[in-house]
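Asks: You'll find data.txt just under this line, and it carries compact mmCIF, N, CA and C atoms.
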# COMPACT_ATOMS: atom_id res chain seq x y z
N MET V 1 -60.98 -93.95 0.05
CA MET V 1 -62.03 -94.79 0.62
C MET V 1 -62.88 -94.01 1.62
N ALA V 2 -62.22 -93.22 2.47
CA ALA V 2 -62.95 -92.43 3.47
C ALA V 2 -63.86 -91.43 2.79
N ASP V 3 -63.37 -90.84 1.69
CA ASP V 3 -64.20 -89.89 0.95
C ASP V 3 -65.42 -90.58 0.35
N HIS V 4 -65.23 -91.80 -0.11
CA HIS V 4 -66.34 -92.56 -0.70
C HIS V 4 -67.40 -92.85 0.37
N ASN V 5 -66.95 -93.28 1.55
CA ASN V 5 -67.88 -93.55 2.65
C ASN V 5 -68.57 -92.26 3.11
N ARG V 6 -67.84 -91.14 3.09
CA ARG V 6 -68.42 -89.86 3.47
C ARG V 6 -69.52 -89.46 2.48
N LEU V 7 -69.27 -89.70 1.20
CA LEU V 7 -70.27 -89.39 0.17
C LEU V 7 -71.52 -90.26 0.36
N ILE V 8 -71.31 -91.53 0.64
CA ILE V 8 -72.43 -92.43 0.89
C ILE V 8 -73.23 -91.96 2.12
N CYS V 9 -72.54 -91.62 3.17
CA CYS V 9 -73.20 -91.13 4.39
C CYS V 9 -73.99 -89.86 4.11
N SER V 10 -73.41 -88.98 3.32
CA SER V 10 -74.08 -87.73 2.96
C SER V 10 -75.39 -88.02 2.20
N LYS V 11 -75.34 -88.94 1.26
CA LYS V 11 -76.55 -89.30 0.50
C LYS V 11 -77.58 -89.98 1.41
N LEU V 12 -77.12 -90.82 2.32
CA LEU V 12 -78.05 -91.49 3.25
C LEU V 12 -78.71 -90.48 4.18
N VAL V 13 -77.98 -89.48 4.63
CA VAL V 13 -78.56 -88.43 5.48
C VAL V 13 -79.61 -87.64 4.68
N MET V 14 -79.31 -87.35 3.42
CA MET V 14 -80.30 -86.67 2.56
C MET V 14 -81.56 -87.52 2.43
N GLN V 15 -81.37 -88.81 2.27
CA GLN V 15 -82.52 -89.71 2.14
C GLN V 15 -83.31 -89.76 3.45
N LEU V 16 -82.63 -89.78 4.57
CA LEU V 16 -83.31 -89.74 5.87
C LEU V 16 -84.12 -88.46 6.02
N ASN V 17 -83.56 -87.34 5.60
CA ASN V 17 -84.28 -86.07 5.68
C ASN V 17 -85.53 -86.08 4.81
N CYS V 18 -85.41 -86.63 3.61
CA CYS V 18 -86.57 -86.74 2.72
C CYS V 18 -87.65 -87.63 3.33
N LEU V 19 -87.24 -88.75 3.89
CA LEU V 19 -88.21 -89.67 4.50
C LEU V 19 -88.85 -89.08 5.75
N THR V 20 -88.09 -88.29 6.51
CA THR V 20 -88.66 -87.61 7.67
C THR V 20 -89.72 -86.60 7.22
N SER V 21 -89.42 -85.86 6.17
CA SER V 21 -90.40 -84.92 5.62
C SER V 21 -91.62 -85.66 5.09
N LEU V 22 -91.39 -86.78 4.45
CA LEU V 22 -92.50 -87.59 3.93
C LEU V 22 -93.37 -88.10 5.08
N ALA V 23 -92.77 -88.52 6.17
CA ALA V 23 -93.52 -88.98 7.34
C ALA V 23 -94.40 -87.86 7.89
N ASP V 24 -93.86 -86.64 7.92
CA ASP V 24 -94.63 -85.48 8.39
C ASP V 24 -95.81 -85.20 7.45
N ILE V 25 -95.56 -85.32 6.16
CA ILE V 25 -96.62 -85.10 5.18
C ILE V 25 -97.71 -86.15 5.33
N LEU V 26 -97.31 -87.39 5.59
CA LEU V 26 -98.30 -88.45 5.79
C LEU V 26 -99.15 -88.20 7.03
N ASP V 27 -98.55 -87.63 8.08
CA ASP V 27 -99.32 -87.25 9.26
C ASP V 27 -100.34 -86.16 8.91
N ASP V 28 -99.90 -85.17 8.12
CA ASP V 28 -100.80 -84.09 7.68
C ASP V 28 -101.93 -84.66 6.82
N GLU V 29 -101.60 -85.64 5.99
CA GLU V 29 -102.60 -86.25 5.13
C GLU V 29 -103.68 -86.95 5.96
N LEU V 30 -103.27 -87.68 6.97
CA LEU V 30 -104.24 -88.36 7.83
C LEU V 30 -105.14 -87.34 8.54
N THR V 31 -104.55 -86.25 9.00
CA THR V 31 -105.33 -85.19 9.63
C THR V 31 -106.35 -84.62 8.65
N ALA V 32 -105.94 -84.38 7.42
CA ALA V 32 -106.84 -83.84 6.40
C ALA V 32 -107.96 -84.82 6.08
N ILE V 33 -107.64 -86.10 6.01
CA ILE V 33 -108.65 -87.12 5.73
C ILE V 33 -109.65 -87.19 6.88
N ALA V 34 -109.13 -87.21 8.10
CA ALA V 34 -110.01 -87.32 9.28
C ALA V 34 -110.91 -86.11 9.44
N SER V 35 -110.41 -84.93 9.08
CA SER V 35 -111.22 -83.72 9.23
C SER V 35 -112.00 -83.40 7.96
N ARG V 36 -111.88 -84.27 6.96
CA ARG V 36 -112.60 -84.14 5.69
C ARG V 36 -112.30 -82.82 4.97
N ARG V 37 -111.03 -82.45 4.99
CA ARG V 37 -110.57 -81.25 4.28
C ARG V 37 -110.00 -81.68 2.94
N GLY V 38 -110.84 -81.85 1.98
CA GLY V 38 -110.43 -82.33 0.67
C GLY V 38 -109.54 -81.38 -0.08
N GLU V 39 -109.69 -80.07 0.15
CA GLU V 39 -108.92 -79.09 -0.61
C GLU V 39 -107.41 -79.21 -0.33
N GLY V 40 -107.03 -79.64 0.84
CA GLY V 40 -105.62 -79.77 1.17
C GLY V 40 -104.99 -81.05 0.66
N LEU V 41 -105.80 -82.02 0.30
CA LEU V 41 -105.26 -83.32 -0.12
C LEU V 41 -104.51 -83.25 -1.45
N LYS V 42 -104.92 -82.36 -2.35
CA LYS V 42 -104.22 -82.25 -3.63
C LYS V 42 -102.79 -81.76 -3.43
N ASP V 43 -102.63 -80.75 -2.58
CA ASP V 43 -101.29 -80.23 -2.30
C ASP V 43 -100.44 -81.28 -1.61
N ILE V 44 -101.04 -82.00 -0.69
CA ILE V 44 -100.32 -83.06 0.03
C ILE V 44 -99.87 -84.14 -0.94
N ALA V 45 -100.73 -84.51 -1.88
CA ALA V 45 -100.38 -85.54 -2.87
C ALA V 45 -99.19 -85.08 -3.72
N LYS V 46 -99.16 -83.82 -4.10
CA LYS V 46 -98.04 -83.29 -4.89
C LYS V 46 -96.74 -83.34 -4.08
N GLN V 47 -96.85 -82.96 -2.79
CA GLN V 47 -95.66 -82.99 -1.94
C GLN V 47 -95.17 -84.42 -1.76
N LYS V 48 -96.10 -85.36 -1.59
CA LYS V 48 -95.71 -86.77 -1.45
C LYS V 48 -94.95 -87.24 -2.68
N LEU V 49 -95.47 -86.91 -3.85
CA LEU V 49 -94.81 -87.33 -5.10
C LEU V 49 -93.42 -86.72 -5.22
N THR V 50 -93.28 -85.47 -4.81
CA THR V 50 -91.98 -84.80 -4.88
C THR V 50 -90.96 -85.52 -4.00
N PHE V 51 -91.35 -85.80 -2.75
CA PHE V 51 -90.41 -86.47 -1.85
C PHE V 51 -90.14 -87.91 -2.27
N LEU V 52 -91.16 -88.59 -2.77
CA LEU V 52 -90.94 -89.96 -3.25
C LEU V 52 -89.97 -89.98 -4.42
N SER V 53 -90.09 -89.00 -5.29
CA SER V 53 -89.17 -88.90 -6.43
C SER V 53 -87.74 -88.65 -5.95
N LYS V 54 -87.58 -87.76 -4.94
CA LYS V 54 -86.25 -87.49 -4.40
C LYS V 54 -85.66 -88.74 -3.76
N VAL V 55 -86.48 -89.46 -3.01
CA VAL V 55 -86.01 -90.69 -2.35
C VAL V 55 -85.58 -91.70 -3.40
N GLN V 56 -86.36 -91.83 -4.46
CA GLN V 56 -86.04 -92.78 -5.52
C GLN V 56 -84.73 -92.40 -6.23
N THR V 57 -84.55 -91.13 -6.50
CA THR V 57 -83.32 -90.66 -7.15
C THR V 57 -82.11 -90.94 -6.25
N LEU V 58 -82.24 -90.60 -4.97
CA LEU V 58 -81.15 -90.87 -4.04
C LEU V 58 -80.87 -92.36 -3.92
N ASP V 59 -81.92 -93.17 -3.98
CA ASP V 59 -81.76 -94.61 -3.89
C ASP V 59 -80.93 -95.14 -5.06
N LYS V 60 -81.20 -94.63 -6.26
CA LYS V 60 -80.42 -95.05 -7.43
C LYS V 60 -78.96 -94.64 -7.30
N GLU V 61 -78.74 -93.41 -6.81
CA GLU V 61 -77.37 -92.94 -6.62
C GLU V 61 -76.64 -93.80 -5.57
N LEU V 62 -77.35 -94.10 -4.50
CA LEU V 62 -76.75 -94.92 -3.44
C LEU V 62 -76.45 -96.34 -3.92
N LYS V 63 -77.32 -96.87 -4.74
CA LYS V 63 -77.10 -98.22 -5.25
C LYS V 63 -75.79 -98.27 -6.04
N ALA V 64 -75.57 -97.25 -6.87
CA ALA V 64 -74.33 -97.19 -7.66
C ALA V 64 -73.12 -97.00 -6.74
N LEU V 65 -73.26 -96.14 -5.75
CA LEU V 65 -72.13 -95.89 -4.83
C LEU V 65 -71.82 -97.13 -4.00
N LEU V 66 -72.84 -97.81 -3.53
CA LEU V 66 -72.62 -98.99 -2.69
C LEU V 66 -72.06 -100.16 -3.50
N ALA V 67 -72.37 -100.21 -4.79
CA ALA V 67 -71.84 -101.28 -5.65
C ALA V 67 -70.32 -101.13 -5.80
N ASN V 68 -69.84 -99.90 -5.74
CA ASN V 68 -68.41 -99.63 -5.89
C ASN V 68 -67.69 -99.56 -4.54
N ASN V 69 -68.40 -99.83 -3.47
CA ASN V 69 -67.82 -99.72 -2.13
C ASN V 69 -67.28 -101.09 -1.71
N GLU V 70 -65.96 -101.13 -1.46
CA GLU V 70 -65.34 -102.40 -1.08
C GLU V 70 -65.63 -102.76 0.38
N SER V 71 -65.58 -101.77 1.25
CA SER V 71 -65.82 -102.06 2.67
C SER V 71 -66.82 -101.05 3.21
N GLU V 72 -67.88 -101.57 3.78
CA GLU V 72 -68.94 -100.71 4.31
C GLU V 72 -68.62 -100.38 5.76
N SER V 73 -68.60 -99.09 6.07
CA SER V 73 -68.29 -98.68 7.44
C SER V 73 -69.50 -98.92 8.34
N GLU V 74 -69.23 -98.90 9.64
CA GLU V 74 -70.31 -99.10 10.61
C GLU V 74 -71.32 -97.96 10.52
N GLU V 75 -70.82 -96.75 10.26
CA GLU V 75 -71.71 -95.59 10.13
C GLU V 75 -72.66 -95.77 8.96
N VAL V 76 -72.15 -96.27 7.84
CA VAL V 76 -72.99 -96.51 6.67
C VAL V 76 -74.04 -97.57 6.99
N SER V 77 -73.63 -98.64 7.64
CA SER V 77 -74.57 -99.70 8.01
C SER V 77 -75.67 -99.18 8.93
N ASP V 78 -75.29 -98.36 9.90
CA ASP V 78 -76.28 -97.79 10.82
C ASP V 78 -77.26 -96.89 10.08
N LEU V 79 -76.74 -96.06 9.18
CA LEU V 79 -77.61 -95.16 8.42
C LEU V 79 -78.56 -95.94 7.51
N ILE V 80 -78.07 -97.00 6.90
CA ILE V 80 -78.92 -97.83 6.05
C ILE V 80 -80.05 -98.44 6.89
N GLY V 81 -79.72 -98.90 8.09
CA GLY V 81 -80.74 -99.43 8.99
C GLY V 81 -81.78 -98.38 9.35
N ASP V 82 -81.32 -97.16 9.62
CA ASP V 82 -82.25 -96.06 9.95
C ASP V 82 -83.17 -95.75 8.77
N VAL V 83 -82.60 -95.74 7.56
CA VAL V 83 -83.40 -95.47 6.37
C VAL V 83 -84.47 -96.55 6.20
N ARG V 84 -84.09 -97.80 6.38
CA ARG V 84 -85.05 -98.90 6.22
C ARG V 84 -86.18 -98.81 7.24
N LYS V 85 -85.83 -98.48 8.49
CA LYS V 85 -86.86 -98.35 9.53
C LYS V 85 -87.83 -97.21 9.20
N LEU V 86 -87.28 -96.09 8.79
CA LEU V 86 -88.12 -94.93 8.48
C LEU V 86 -88.98 -95.19 7.24
N LEU V 87 -88.41 -95.88 6.27
CA LEU V 87 -89.17 -96.24 5.07
C LEU V 87 -90.34 -97.16 5.43
N GLU V 88 -90.09 -98.13 6.28
CA GLU V 88 -91.15 -99.04 6.72
C GLU V 88 -92.24 -98.28 7.47
N SER V 89 -91.85 -97.33 8.29
CA SER V 89 -92.81 -96.50 9.01
C SER V 89 -93.67 -95.69 8.04
N CYS V 90 -93.04 -95.14 7.01
CA CYS V 90 -93.79 -94.37 6.00
C CYS V 90 -94.77 -95.27 5.25
N LYS V 91 -94.36 -96.49 4.95
CA LYS V 91 -95.25 -97.43 4.26
C LYS V 91 -96.48 -97.73 5.12
N LYS V 92 -96.26 -97.94 6.41
CA LYS V 92 -97.38 -98.22 7.32
C LYS V 92 -98.32 -97.03 7.41
N LYS V 93 -97.75 -95.84 7.52
CA LYS V 93 -98.58 -94.63 7.58
C LYS V 93 -99.39 -94.47 6.31
N ASN V 94 -98.78 -94.75 5.18
CA ASN V 94 -99.47 -94.63 3.90
C ASN V 94 -100.63 -95.64 3.82
N ASP V 95 -100.41 -96.85 4.31
CA ASP V 95 -101.47 -97.86 4.33
C ASP V 95 -102.63 -97.43 5.22
N VAL V 96 -102.31 -96.85 6.38
CA VAL V 96 -103.35 -96.35 7.28
C VAL V 96 -104.14 -95.24 6.60
N ASN V 97 -103.43 -94.33 5.93
CA ASN V 97 -104.11 -93.24 5.24
C ASN V 97 -105.02 -93.75 4.13
N ALA V 98 -104.56 -94.74 3.40
CA ALA V 98 -105.38 -95.32 2.32
C ALA V 98 -106.64 -95.94 2.90
N HIS V 99 -106.51 -96.64 4.02
CA HIS V 99 -107.68 -97.25 4.66
C HIS V 99 -108.64 -96.17 5.16
N ALA V 100 -108.10 -95.12 5.78
CA ALA V 100 -108.95 -94.03 6.28
C ALA V 100 -109.67 -93.33 5.14
N ALA V 101 -108.98 -93.11 4.03
CA ALA V 101 -109.62 -92.47 2.87
C ALA V 101 -110.73 -93.35 2.30
N HIS V 102 -110.49 -94.64 2.26
CA HIS V 102 -111.50 -95.58 1.76
C HIS V 102 -112.74 -95.56 2.67
N GLN V 103 -112.53 -95.56 3.98
CA GLN V 103 -113.65 -95.53 4.92
C GLN V 103 -114.42 -94.22 4.79
N ALA V 104 -113.73 -93.12 4.62
CA ALA V 104 -114.39 -91.82 4.45
C ALA V 104 -115.22 -91.82 3.17
N GLN V 105 -114.69 -92.43 2.13
CA GLN V 105 -115.42 -92.50 0.86
C GLN V 105 -116.68 -93.34 1.02
N LEU V 106 -116.59 -94.45 1.73
CA LEU V 106 -117.76 -95.29 1.95
C LEU V 106 -118.83 -94.55 2.75
N THR V 107 -118.43 -93.79 3.75
CA THR V 107 -119.37 -93.03 4.56
C THR V 107 -120.10 -92.00 3.71
N VAL V 108 -119.37 -91.30 2.86
CA VAL V 108 -119.99 -90.30 1.98
C VAL V 108 -120.96 -90.98 1.01
N LYS V 109 -120.58 -92.14 0.48
CA LYS V 109 -121.46 -92.86 -0.44
C LYS V 109 -122.74 -93.30 0.27
N GLN V 110 -122.62 -93.78 1.48
CA GLN V 110 -123.80 -94.21 2.23
C GLN V 110 -124.73 -93.03 2.50
N LEU V 111 -124.16 -91.90 2.87
CA LEU V 111 -124.98 -90.71 3.10
C LEU V 111 -125.67 -90.27 1.83
N LYS V 112 -124.94 -90.27 0.72
CA LYS V 112 -125.53 -89.90 -0.57
C LYS V 112 -126.67 -90.84 -0.92
N ASP V 113 -126.46 -92.14 -0.72
CA ASP V 113 -127.51 -93.12 -1.03
C ASP V 113 -128.75 -92.88 -0.19
N ILE V 114 -128.57 -92.54 1.08
CA ILE V 114 -129.71 -92.26 1.95
C ILE V 114 -130.47 -91.04 1.45
N LEU V 115 -129.72 -90.01 1.08
CA LEU V 115 -130.35 -88.75 0.66
C LEU V 115 -131.08 -88.86 -0.67
N ILE V 116 -130.56 -89.67 -1.59
CA ILE V 116 -131.24 -89.77 -2.88
C ILE V 116 -132.24 -90.91 -2.92
N GLY V 117 -132.34 -91.66 -1.84
CA GLY V 117 -133.37 -92.68 -1.74
C GLY V 117 -133.06 -94.00 -2.39
N VAL V 118 -131.82 -94.39 -2.39
CA VAL V 118 -131.44 -95.71 -2.91
C VAL V 118 -132.07 -96.77 -2.01
N PRO V 119 -132.60 -97.83 -2.59
CA PRO V 119 -133.18 -98.88 -1.76
C PRO V 119 -132.20 -99.35 -0.68
N THR V 120 -132.71 -99.49 0.53
CA THR V 120 -131.82 -99.83 1.63
C THR V 120 -131.77 -101.32 1.90
N SER V 121 -132.74 -102.06 1.40
CA SER V 121 -132.69 -103.50 1.64
C SER V 121 -133.27 -104.23 0.44
N THR V 122 -132.78 -105.44 0.24
CA THR V 122 -133.27 -106.27 -0.84
C THR V 122 -133.72 -107.59 -0.21
N THR V 123 -134.97 -107.95 -0.49
CA THR V 123 -135.51 -109.21 0.02
C THR V 123 -136.24 -109.91 -1.12
N TYR V 124 -136.82 -111.04 -0.81
CA TYR V 124 -137.54 -111.82 -1.82
C TYR V 124 -138.97 -112.05 -1.35
N ASP V 125 -139.92 -112.02 -2.31
CA ASP V 125 -141.31 -112.32 -1.96
C ASP V 125 -141.55 -113.82 -2.08
N GLN V 126 -142.79 -114.22 -1.86
CA GLN V 126 -143.12 -115.65 -1.87
C GLN V 126 -142.83 -116.32 -3.21
N GLY V 127 -142.90 -115.54 -4.27
CA GLY V 127 -142.65 -116.09 -5.60
C GLY V 127 -141.17 -116.10 -5.98
N GLY V 128 -140.30 -115.58 -5.12
CA GLY V 128 -138.87 -115.56 -5.41
C GLY V 128 -138.42 -114.32 -6.13
N SER V 129 -139.33 -113.37 -6.33
CA SER V 129 -138.97 -112.12 -6.99
C SER V 129 -138.27 -111.19 -6.00
N VAL V 130 -137.38 -110.37 -6.52
CA VAL V 130 -136.65 -109.43 -5.69
C VAL V 130 -137.57 -108.27 -5.31
N VAL V 131 -137.57 -107.91 -4.02
CA VAL V 131 -138.35 -106.78 -3.53
C VAL V 131 -137.37 -105.85 -2.82
N HIS V 132 -137.33 -104.59 -3.28
CA HIS V 132 -136.43 -103.60 -2.68
C HIS V 132 -137.19 -102.80 -1.64
N GLY V 133 -136.59 -102.66 -0.45
CA GLY V 133 -137.15 -101.74 0.54
C GLY V 133 -136.72 -100.35 0.13
N SER V 134 -137.57 -99.37 0.32
CA SER V 134 -137.17 -98.04 -0.12
C SER V 134 -137.09 -97.10 1.06
N SER V 135 -136.19 -96.16 0.93
CA SER V 135 -136.02 -95.13 1.95
C SER V 135 -136.99 -94.02 1.62
N LYS V 136 -137.71 -93.55 2.60
CA LYS V 136 -138.74 -92.53 2.38
C LYS V 136 -138.23 -91.12 2.68
N ILE V 137 -136.95 -90.96 2.99
CA ILE V 137 -136.44 -89.63 3.35
C ILE V 137 -136.67 -88.62 2.24
N VAL V 138 -136.27 -88.96 1.03
CA VAL V 138 -136.37 -88.02 -0.07
C VAL V 138 -137.75 -88.08 -0.73
N HIS V 139 -138.35 -89.23 -0.78
CA HIS V 139 -139.61 -89.39 -1.50
C HIS V 139 -140.76 -88.61 -0.87
N ASN V 140 -140.73 -88.37 0.41
CA ASN V 140 -141.81 -87.67 1.08
C ASN V 140 -141.56 -86.19 1.25
N LEU V 141 -140.45 -85.69 0.73
CA LEU V 141 -140.15 -84.26 0.85
C LEU V 141 -140.86 -83.49 -0.24
N LYS V 142 -141.42 -82.35 0.13
CA LYS V 142 -142.06 -81.45 -0.85
C LYS V 142 -141.33 -80.12 -0.76
N ALA V 143 -140.42 -79.89 -1.69
CA ALA V 143 -139.64 -78.67 -1.62
C ALA V 143 -139.92 -77.79 -2.82
Since I need it in another form, could you write the structure as structure tokens?

Replies:
Amino acid sequence: MADHNRLICSKLVMQLNCLTSLADILDDELTAIASRRGEGLKDIAKQKLTFLSKVQTLDKELKALLANNESESEEVSDLIGDVRKLLESCKKKNDVNAHAAHQAQLTVKQLKDILIGVPTSTTYDQGGSVVHGSSKIVHNLKA
């Protein structure tokens, strides 16, 4: 029984290490998004997938081990709590990163629209027809 609990603890510690590395990667991802360093995001995405795959594999192994465990030790319970807290933290960081990436994408789209002269406003004339206001930034350039 002690060996079984030791094996479970060992797997939980491995999972904690993976989640800690994932949390660090998520911090790096946010830094890359904020500084608009797109070239680093591909590598970060690969690293995230690698650690997520490891966490998932360990989770399956732990599920099987815990199903065969008659009595859960206090150490196992504490480690499971730590894993859950760290996993929740990673989920929050990932949500923040997704929001930051979306905002960065919107900013780039707005800048592109300004530069290519996409109409900036839509109004209606007296007859109810749509009238687009146009940006003159690009239209008045002679290059």

Asks: Residues within 6.5 Å of segment 71-86 of chain V, please, as a VMD selection string. Count only N, CA and C atoms; anything in the same chain fewer than 6 positions from it doesn't count.

Replies: chain V and resid 8 to 9 12 15 to 16 19

Asks: Now that the selection is made, can you save its residues with N, CA and C atoms as a PDB file, in the frame of the given file?

Replies:
ATOM      1  N   ILE V   8     -71.310 -91.530   0.640  1.00  0.00           N
ATOM      2  CA  ILE V   8     -72.430 -92.430   0.890  1.00  0.00           C
ATOM      3  C   ILE V   8     -73.230 -91.960   2.120  1.00  0.00           C
ATOM      4  N   CYS V   9     -72.540 -91.620   3.170  1.00  0.00           N
ATOM      5  CA  CYS V   9     -73.200 -91.130   4.390  1.00  0.00           C
ATOM      6  C   CYS V   9     -73.990 -89.860   4.110  1.00  0.00           C
ATOM      7  N   LEU V  12     -77.120 -90.820   2.320  1.00  0.00           N
ATOM      8  CA  LEU V  12     -78.050 -91.490   3.250  1.00  0.00           C
ATOM      9  C   LEU V  12     -78.710 -90.480   4.180  1.00  0.00           C
ATOM     10  N   GLN V  15     -81.370 -88.810   2.270  1.00  0.00           N
ATOM     11  CA  GLN V  15     -82.520 -89.710   2.140  1.00  0.00           C
ATOM     12  C   GLN V  15     -83.310 -89.760   3.450  1.00  0.00           C
ATOM     13  N   LEU V  16     -82.630 -89.780   4.570  1.00  0.00           N
ATOM     14  CA  LEU V  16     -83.310 -89.740   5.870  1.00  0.00           C
ATOM     15  C   LEU V  16     -84.120 -88.460   6.020  1.00  0.00           C
ATOM     16  N   LEU V  19     -87.240 -88.750   3.890  1.00  0.00           N
ATOM     17  CA  LEU V  19     -88.210 -89.670   4.500  1.00  0.00           C
ATOM     18  C   LEU V  19     -88.850 -89.080   5.750  1.00  0.00           C
TER      19      LEU V  19
END

Asks: Quick check, in Å to one decimal: how far apart do atom N of Leu26 of chain V and atom CA of Lys63 of chain V lie?

Replies: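 Atom CA of Lys63 of chain V lies at a distance of 25.4 Å from atom N of Leu26 of chain V.
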
Asks: So which one's closest to Ala98 of chain V, V:Asp113, V:Ile44, V:Leu30, V:Leu49? Using only N, CA and C atoms, please.

Replies: V:Leu30

Asks: Just the number, please: distance in Å from atom N of Glu29 of chain V to atom C of Asp43 of chain V, one decimal.

Replies: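 Distance reported for this atom pair: 8.8 Å.
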
Asks: Let me make sure I understand: among V:Asn17, V:Asn97, V:Ser10, V:Gln105, which one has the smallest atom-to-atom distance to Phe51 of chain V if we use only C-alpha atoms?

Replies: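 Ranking V:Asn17, V:Asn97, V:Ser10, V:Gln105 by distance to Phe51 of chain V, first place goes to V:Asn17.
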
Asks: Where in segment 14-140 of chain V does DSSP assign strand (DSSP E), given as a PyMOL selection string?

Replies: chain V and resi 121-124+130-133

Asks: Report, in Å to a single decimal, how far apart atom N of Ser53 of chain V and atom CA of Val13 of chain V are.

Replies: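 Atom N of Ser53 of chain V lies at a distance of 15.8 Å from atom CA of Val13 of chain V.
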
Asks: If you run DSSP on the backbone, which residues of segment 24-138 of chain V are alpha helix (DSSP H), as an MDAnalysis selection string?

Replies: chainID V and resid 24:34 38:67 74:116

Asks: So, with all atoms listed in the file as the atoms that count, which of V:Gln47, V:Gln56, V:Gln103, V:Ser35 lies closest to Ser21 of chain V?

Replies: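 So, comparing all the options, the nearest one is V:Gln47.
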
Asks: Check the smallest atom-to-atom distance from each of V:Ala67, V:Lys92, V:Leu58, V:Ile114 to Lys11 of chain V using only N, CA and C atoms, then report the winner.

Replies: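 Looking at the shortest contact to Lys11 of chain V, the residue is V:Leu58.
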
Asks: Find the residues near segment 68-70 of chain V: any atom within 8 Å, counting all atoms listed in the file, skip ones fewer than 5 places away on the same chain, and give them as a list in words.

Replies: Met1, His4, Asn5, Leu62 and Lys63 of chain V

Asks: Quick one: write out the picked residues with N, CA and C atoms as a short mmCIF file (atom, residue, chain, number, x, y, z; two decimals), in the frame of the given file?

Replies:
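So result_3.cif came out as:
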data_model
loop_
_atom_site.label_atom_id
_atom_site.label_comp_id
_atom_site.auth_asym_id
_atom_site.auth_seq_id
_atom_site.Cartn_x
_atom_site.Cartn_y
_atom_site.Cartn_z
N MET V 1 -60.98 -93.95 0.05
CA MET V 1 -62.03 -94.79 0.62
C MET V 1 -62.88 -94.01 1.62
N HIS V 4 -65.23 -91.80 -0.11
CA HIS V 4 -66.34 -92.56 -0.70
C HIS V 4 -67.40 -92.85 0.37
N ASN V 5 -66.95 -93.28 1.55
CA ASN V 5 -67.88 -93.55 2.65
C ASN V 5 -68.57 -92.26 3.11
N LEU V 62 -77.35 -94.10 -4.50
CA LEU V 62 -76.75 -94.92 -3.44
C LEU V 62 -76.45 -96.34 -3.92
N LYS V 63 -77.32 -96.87 -4.74
CA LYS V 63 -77.10 -98.22 -5.25
C LYS V 63 -75.79 -98.27 -6.04
#
